[in-house]
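To be precise, the following lines are final_31.csv, and they hold CSV, C-alpha atoms.
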```
chain,number,residue,atom,x,y,z
A,1,MET,CA,-24.8,1.1,-32.5
A,2,GLU,CA,-28.1,-0.7,-33.3
A,3,GLU,CA,-30.1,0.7,-36.1
A,4,LYS,CA,-33.2,2.7,-35.2
A,5,ILE,CA,-36.6,1.6,-36.6
A,6,LYS,CA,-39.1,4.4,-37.5
A,7,LEU,CA,-42.6,4.1,-36.0
A,8,GLU,CA,-45.9,5.8,-36.9
A,9,ILE,CA,-49.1,6.2,-34.9
A,10,SER,CA,-51.6,3.8,-36.4
A,11,GLY,CA,-54.3,3.7,-33.7
A,12,LEU,CA,-55.6,5.0,-30.4
A,13,SER,CA,-58.4,3.1,-28.7
A,14,TYR,CA,-59.9,2.4,-25.3
A,15,SER,CA,-58.1,-0.4,-23.5
A,16,GLN,CA,-60.0,-3.6,-23.3
A,17,THR,CA,-57.9,-4.8,-20.4
A,18,GLN,CA,-57.3,-1.8,-18.1
A,19,THR,CA,-60.1,0.5,-17.0
A,20,GLY,CA,-59.5,4.2,-17.7
A,21,ALA,CA,-56.5,3.5,-19.9
A,22,TYR,CA,-56.0,3.6,-23.7
A,23,ALA,CA,-54.0,1.5,-26.1
A,24,LEU,CA,-51.7,3.6,-28.3
A,25,VAL,CA,-50.6,1.5,-31.3
A,26,LEU,CA,-47.3,2.4,-33.0
A,27,SER,CA,-46.5,0.6,-36.3
A,28,GLU,CA,-43.3,0.1,-38.2
A,29,ALA,CA,-43.0,2.5,-41.1
A,30,LYS,CA,-41.5,-0.2,-43.2
A,31,GLY,CA,-42.9,-3.5,-41.8
A,32,ASN,CA,-45.9,-5.2,-40.4
A,33,ARG,CA,-45.2,-5.2,-36.7
A,34,SER,CA,-47.0,-2.9,-34.2
A,35,LEU,CA,-46.1,-1.8,-30.7
A,36,PRO,CA,-49.2,-1.5,-28.4
A,37,ILE,CA,-48.5,0.8,-25.5
A,38,ILE,CA,-51.0,1.3,-22.6
A,39,ILE,CA,-51.3,5.0,-21.7
A,40,GLY,CA,-53.4,7.1,-19.4
A,41,SER,CA,-56.5,9.0,-20.4
A,42,PHE,CA,-54.9,12.5,-20.1
A,43,GLU,CA,-52.0,11.6,-22.5
A,44,ALA,CA,-54.5,9.8,-24.8
A,45,GLN,CA,-56.6,13.0,-24.9
A,46,ALA,CA,-53.5,15.1,-25.6
A,47,ILE,CA,-52.4,12.9,-28.5
A,48,ALA,CA,-56.0,12.6,-29.9
A,49,ILE,CA,-56.5,16.4,-29.9
A,50,GLU,CA,-53.4,17.0,-31.9
A,51,LEU,CA,-54.1,14.1,-34.3
A,52,GLU,CA,-57.7,15.3,-34.9
A,53,ASP,CA,-56.4,18.9,-35.3
A,54,MET,CA,-58.7,20.2,-32.5
A,55,LYS,CA,-58.1,23.6,-31.0
A,56,PRO,CA,-58.7,23.6,-27.2
A,57,SER,CA,-59.9,26.9,-25.7
A,58,ARG,CA,-56.8,26.9,-23.4
A,59,PRO,CA,-53.4,25.3,-24.1
A,60,LEU,CA,-52.9,21.9,-22.6
A,61,THR,CA,-49.7,20.9,-20.7
A,62,HIS,CA,-48.0,19.5,-23.8
A,63,ASP,CA,-48.9,22.7,-25.8
A,64,VAL,CA,-47.4,24.9,-23.0
A,65,PHE,CA,-44.2,22.8,-23.2
A,66,LYS,CA,-44.0,23.2,-27.0
A,67,ASN,CA,-44.6,26.9,-26.7
A,68,PHE,CA,-42.0,27.3,-23.9
A,69,ALA,CA,-39.4,25.3,-25.9
A,70,ALA,CA,-40.1,27.3,-29.1
A,71,ALA,CA,-39.8,30.6,-27.2
A,72,PHE,CA,-36.2,29.7,-26.3
A,73,GLY,CA,-35.3,28.2,-29.6
A,74,ILE,CA,-35.4,24.6,-28.5
A,75,MET,CA,-36.6,22.0,-31.0
A,76,LEU,CA,-37.6,18.4,-30.5
A,77,GLN,CA,-35.7,16.5,-33.2
A,78,GLU,CA,-36.9,13.0,-32.5
A,79,VAL,CA,-38.3,10.6,-29.9
A,80,VAL,CA,-36.6,7.3,-29.2
A,81,ILE,CA,-38.2,4.5,-27.3
A,82,TYR,CA,-35.0,2.9,-26.1
A,83,ASN,CA,-35.8,0.3,-23.5
A,84,LEU,CA,-38.5,-2.1,-22.2
A,85,GLN,CA,-38.2,-3.4,-18.6
A,86,GLU,CA,-40.9,-5.4,-16.9
A,87,GLY,CA,-43.6,-4.1,-19.3
A,88,VAL,CA,-42.6,-0.5,-19.0
A,89,PHE,CA,-41.4,1.4,-22.1
A,90,TYR,CA,-38.6,4.0,-21.7
A,91,ALA,CA,-38.3,7.0,-24.0
A,92,LYS,CA,-36.1,10.0,-24.5
A,93,LEU,CA,-36.5,13.3,-26.2
A,94,ILE,CA,-33.6,14.3,-28.5
A,95,CYS,CA,-33.6,18.1,-28.5
A,96,SER,CA,-31.5,20.8,-30.1
A,97,GLY,CA,-30.9,24.3,-28.8
A,98,PRO,CA,-30.2,27.6,-30.5
A,99,SER,CA,-26.5,26.8,-30.7
A,100,GLY,CA,-27.2,23.4,-32.4
A,101,ASP,CA,-26.0,21.3,-29.4
A,102,LYS,CA,-28.1,18.2,-28.8
A,103,THR,CA,-29.5,17.1,-25.4
A,104,GLU,CA,-31.3,14.0,-24.4
A,105,ILE,CA,-34.2,14.2,-21.9
A,106,ASP,CA,-35.8,11.2,-20.2
A,107,ALA,CA,-39.6,11.1,-20.6
A,108,ARG,CA,-42.6,8.9,-20.2
A,109,THR,CA,-43.3,7.3,-23.5
A,110,SER,CA,-46.9,8.7,-23.6
A,111,ASP,CA,-45.7,12.3,-23.0
A,112,ALA,CA,-42.9,11.8,-25.5
A,113,ILE,CA,-45.4,10.8,-28.2
A,114,ALA,CA,-47.8,13.7,-27.3
A,115,LEU,CA,-44.8,16.0,-27.8
A,116,ALA,CA,-43.7,14.3,-31.0
A,117,VAL,CA,-47.1,14.9,-32.7
A,118,ARG,CA,-46.9,18.6,-31.7
A,119,PHE,CA,-43.3,19.0,-33.0
A,120,LYS,CA,-44.1,16.8,-36.0
A,121,CYS,CA,-40.9,14.9,-35.4
A,122,PRO,CA,-40.1,11.2,-36.0
A,123,VAL,CA,-40.5,8.4,-33.4
A,124,TYR,CA,-38.0,5.5,-33.4
A,125,THR,CA,-37.4,2.3,-31.5
A,126,PHE,CA,-35.0,-0.7,-31.7
A,127,GLU,CA,-35.3,-4.2,-33.0
A,128,PHE,CA,-35.0,-5.9,-29.6
A,129,ILE,CA,-38.1,-3.9,-28.4
A,130,LEU,CA,-40.2,-4.8,-31.4
A,131,LYS,CA,-39.0,-8.4,-31.0
A,132,ASN,CA,-40.1,-8.6,-27.4
A,133,ALA,CA,-43.3,-6.5,-27.4
A,134,GLY,CA,-44.3,-6.2,-31.1
A,135,VAL,CA,-47.4,-7.8,-32.4
A,136,ILE,CA,-48.7,-8.3,-35.9
A,137,ILE,CA,-52.2,-6.9,-36.4
A,138,ASP,CA,-54.3,-8.1,-39.4
A,139,GLU,CA,-55.9,-5.6,-41.7
A,140,ASP,CA,-59.1,-3.9,-40.1
A,141,ALA,CA,-58.6,-5.9,-36.9
A,142,GLU,CA,-58.3,-4.5,-33.4
A,143,ILE,CA,-55.9,-5.9,-30.8
A,144,ARG,CA,-58.1,-8.4,-29.0
A,145,THR,CA,-57.8,-11.6,-27.0
A,146,GLN,CA,-59.5,-14.6,-28.6
A,147,ASP,CA,-62.4,-14.4,-26.0
A,148,GLU,CA,-63.0,-10.7,-26.8
A,149,ASP,CA,-63.0,-11.7,-30.5
A,150,LYS,CA,-65.9,-14.1,-30.0
A,151,ASP,CA,-68.0,-11.6,-28.1
A,152,ALA,CA,-67.2,-8.7,-30.4
A,153,ASP,CA,-69.9,-9.3,-33.0
A,154,SER,CA,-72.7,-9.8,-30.5
A,155,THR,CA,-71.9,-6.7,-28.5
A,156,GLU,CA,-70.9,-4.3,-31.3
A,157,ASP,CA,-74.3,-2.6,-31.5
A,158,ASN,CA,-74.5,-2.2,-27.7
A,159,LYS,CA,-71.1,-0.5,-27.5
A,160,ASN,CA,-71.9,2.7,-29.3
A,161,PRO,CA,-74.6,4.8,-27.5
A,162,LEU,CA,-74.0,7.6,-30.1
A,163,SER,CA,-75.5,5.5,-32.9
A,164,SER,CA,-79.0,6.4,-31.8
A,165,LYS,CA,-78.4,10.2,-32.1
A,166,THR,CA,-79.2,12.3,-35.1
A,167,VAL,CA,-76.5,14.3,-36.9
A,168,ASP,CA,-77.9,17.6,-35.4
A,169,GLN,CA,-77.8,16.1,-31.9
A,170,LEU,CA,-74.2,14.9,-32.4
A,171,GLU,CA,-73.1,18.4,-33.7
A,172,GLU,CA,-74.7,20.1,-30.7
A,173,MET,CA,-73.1,17.6,-28.3
A,174,LEU,CA,-69.7,18.2,-30.0
A,175,ARG,CA,-70.1,22.0,-29.5
A,176,ASP,CA,-70.9,21.5,-25.8
A,177,ALA,CA,-68.0,19.0,-25.4
A,178,LEU,CA,-65.5,21.5,-26.8
A,179,GLU,CA,-66.9,24.3,-24.7
A,180,ASN,CA,-66.6,22.1,-21.6
A,181,GLU,CA,-63.1,21.0,-22.6
A,182,ASP,CA,-64.2,17.3,-22.7
A,183,TYR,CA,-61.9,16.4,-25.6
A,184,GLU,CA,-62.3,12.7,-25.1
A,185,LEU,CA,-66.0,12.9,-25.8
A,186,ALA,CA,-65.4,15.4,-28.6
A,187,SER,CA,-63.1,13.0,-30.3
A,188,SER,CA,-65.7,10.2,-30.1
A,189,LEU,CA,-68.4,12.5,-31.4
A,190,ARG,CA,-66.2,13.7,-34.3
A,191,ASP,CA,-65.5,10.0,-35.2
A,192,GLU,CA,-69.2,9.2,-35.2
A,193,LEU,CA,-69.9,12.3,-37.4
A,194,THR,CA,-67.1,11.3,-39.8
A,195,ALA,CA,-68.4,7.8,-40.1
A,196,ARG,CA,-71.8,9.0,-41.1
A,197,LYS,CA,-70.6,11.3,-43.8
```
Rewrite the structure from the file as structure tokens, please.
Amino acid sequence: MEEKIKLEISGLSYSQTQTGAYALVLSEAKGNRSLPIIIGSFEAQAIAIELEDMKPSRPLTHDVFKNFAAAFGIMLQEVVIYNLQEGVFYAKLICSGPSGDKTEIDARTSDAIALAVRFKCPVYTFEFILKNAGVIIDEDAEIRTQDEDKDADSTEDNKNPLSSKTVDQLEEMLRDALENEDYELASSLRDELTARK
């Protein structure tokens, strides 16, 4: 059986290529390759909330799944991204029940990662997937095409509408965003506040 390669979440950013989508970047724990995966905004929000340690006022779908599983003694042991076909990644959840028996459950990769961060379990893939879809990202660089790289410097200041706000305004906007359960905006606001400190 092929050896599994451990992955870690190294980035989550708005997709430059697909509107309303996000790029989740998983990097080799021991290596320099990364696996960029395009995911939907709901799953990106679910992952970001857990990574940022935010507490939503009501549990999200992935939180309900975790609570449901825990109530019946089911634990998520690991997530394995096991296949790539026509640009689509396939993942499975490896779970164990109260009796110790293991079960594999098919899942979308984005949902599997959202659950992995909640259960704090490892994520793995295989060499052939990294070989086919992996990229090498330079230090401090985003995943960009060459054209986007040329335009990046000239548009950097126009990209961030939050830069003109004061810290007090940002903190008030953050409170409102959390109350309205707009976690995507809350994450951006928290990033801006962190960058200023």
I'd like the contact shell of range 161-166 of chain A - 10 Å cut-off, all atoms listed in the file, skipping same-chain residues fewer than 3 positions apart - returned as an MDAnalysis selection string. chainID A and resid 157:158 169:171 173 188:189 192:193 196
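Of note, CA of Asn132 in chain A and CA of Asn83 in chain A are spaced 10.6 Å apart.
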From the set A:Ser13, A:Tyr183, A:Cys121, A:Ala21, which residue has the shortest atom-to-atom contact distance to Ser57 in chain A, counting all atoms listed in the file?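 The shortest atom-to-atom distance to Ser57 in chain A comes from A:Tyr183.
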Could you jot down the CA of Tyr90 in chain A to CA of Ile37 in chain A separation for me, Å, one decimal place?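 Separation of CA of Tyr90 in chain A and CA of Ile37 in chain A: 11.1 Å.
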Of the listed residues A:Met54, A:Ile39, A:Leu24, A:Ala29, that which approaches Arg175 in chain A most closely, counting all atoms listed in the file: A:Met54
What gap, in Å, lies between CA of Lys92 in chain A and CA of Lys55 in chain A?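 So the two atoms, CA of Lys92 in chain A and CA of Lys55 in chain A, lie 26.7 Å apart.
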Nearest to Glu127 in chain A by atom-to-atom distance, counting only C-alpha atoms, from A:Gly73, A:Pro56, A:Gly87, A:Gly31: A:Gly31
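Of the listed residues A:Ile129, A:Leu51, A:Gln45, A:Ala116, the one whose atoms come nearest to Ser10 in chain A is A:Leu51, with distances taken using all atoms listed in the file.
Minimum atom-to-atom distances from A:Leu76, A:Glu86, A:Tyr14, A:Ile81 to Lys102 in chain A were compared using only C-alpha atoms, and the lowest value belongs to A:Leu76.
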Shell around Leu115 in chain A at 12 Å using all atoms listed in the file, local window under 2 positions removed, as a count of residues only: 41
Test item: residues at most 10 Å from Gly20 in chain A, only C-alpha atoms, excluding those fewer than 2 positions along its chain, as a PyMOL selection string: chain A and resi 14-18+22+39-42
Polymer residues at most 12 Å from (-40.2, -4.6, -31.3) by only C-alpha atoms, as a PyMOL selection string: chain A and resi 4-7+26-28+31-37+81-84+89+124-136
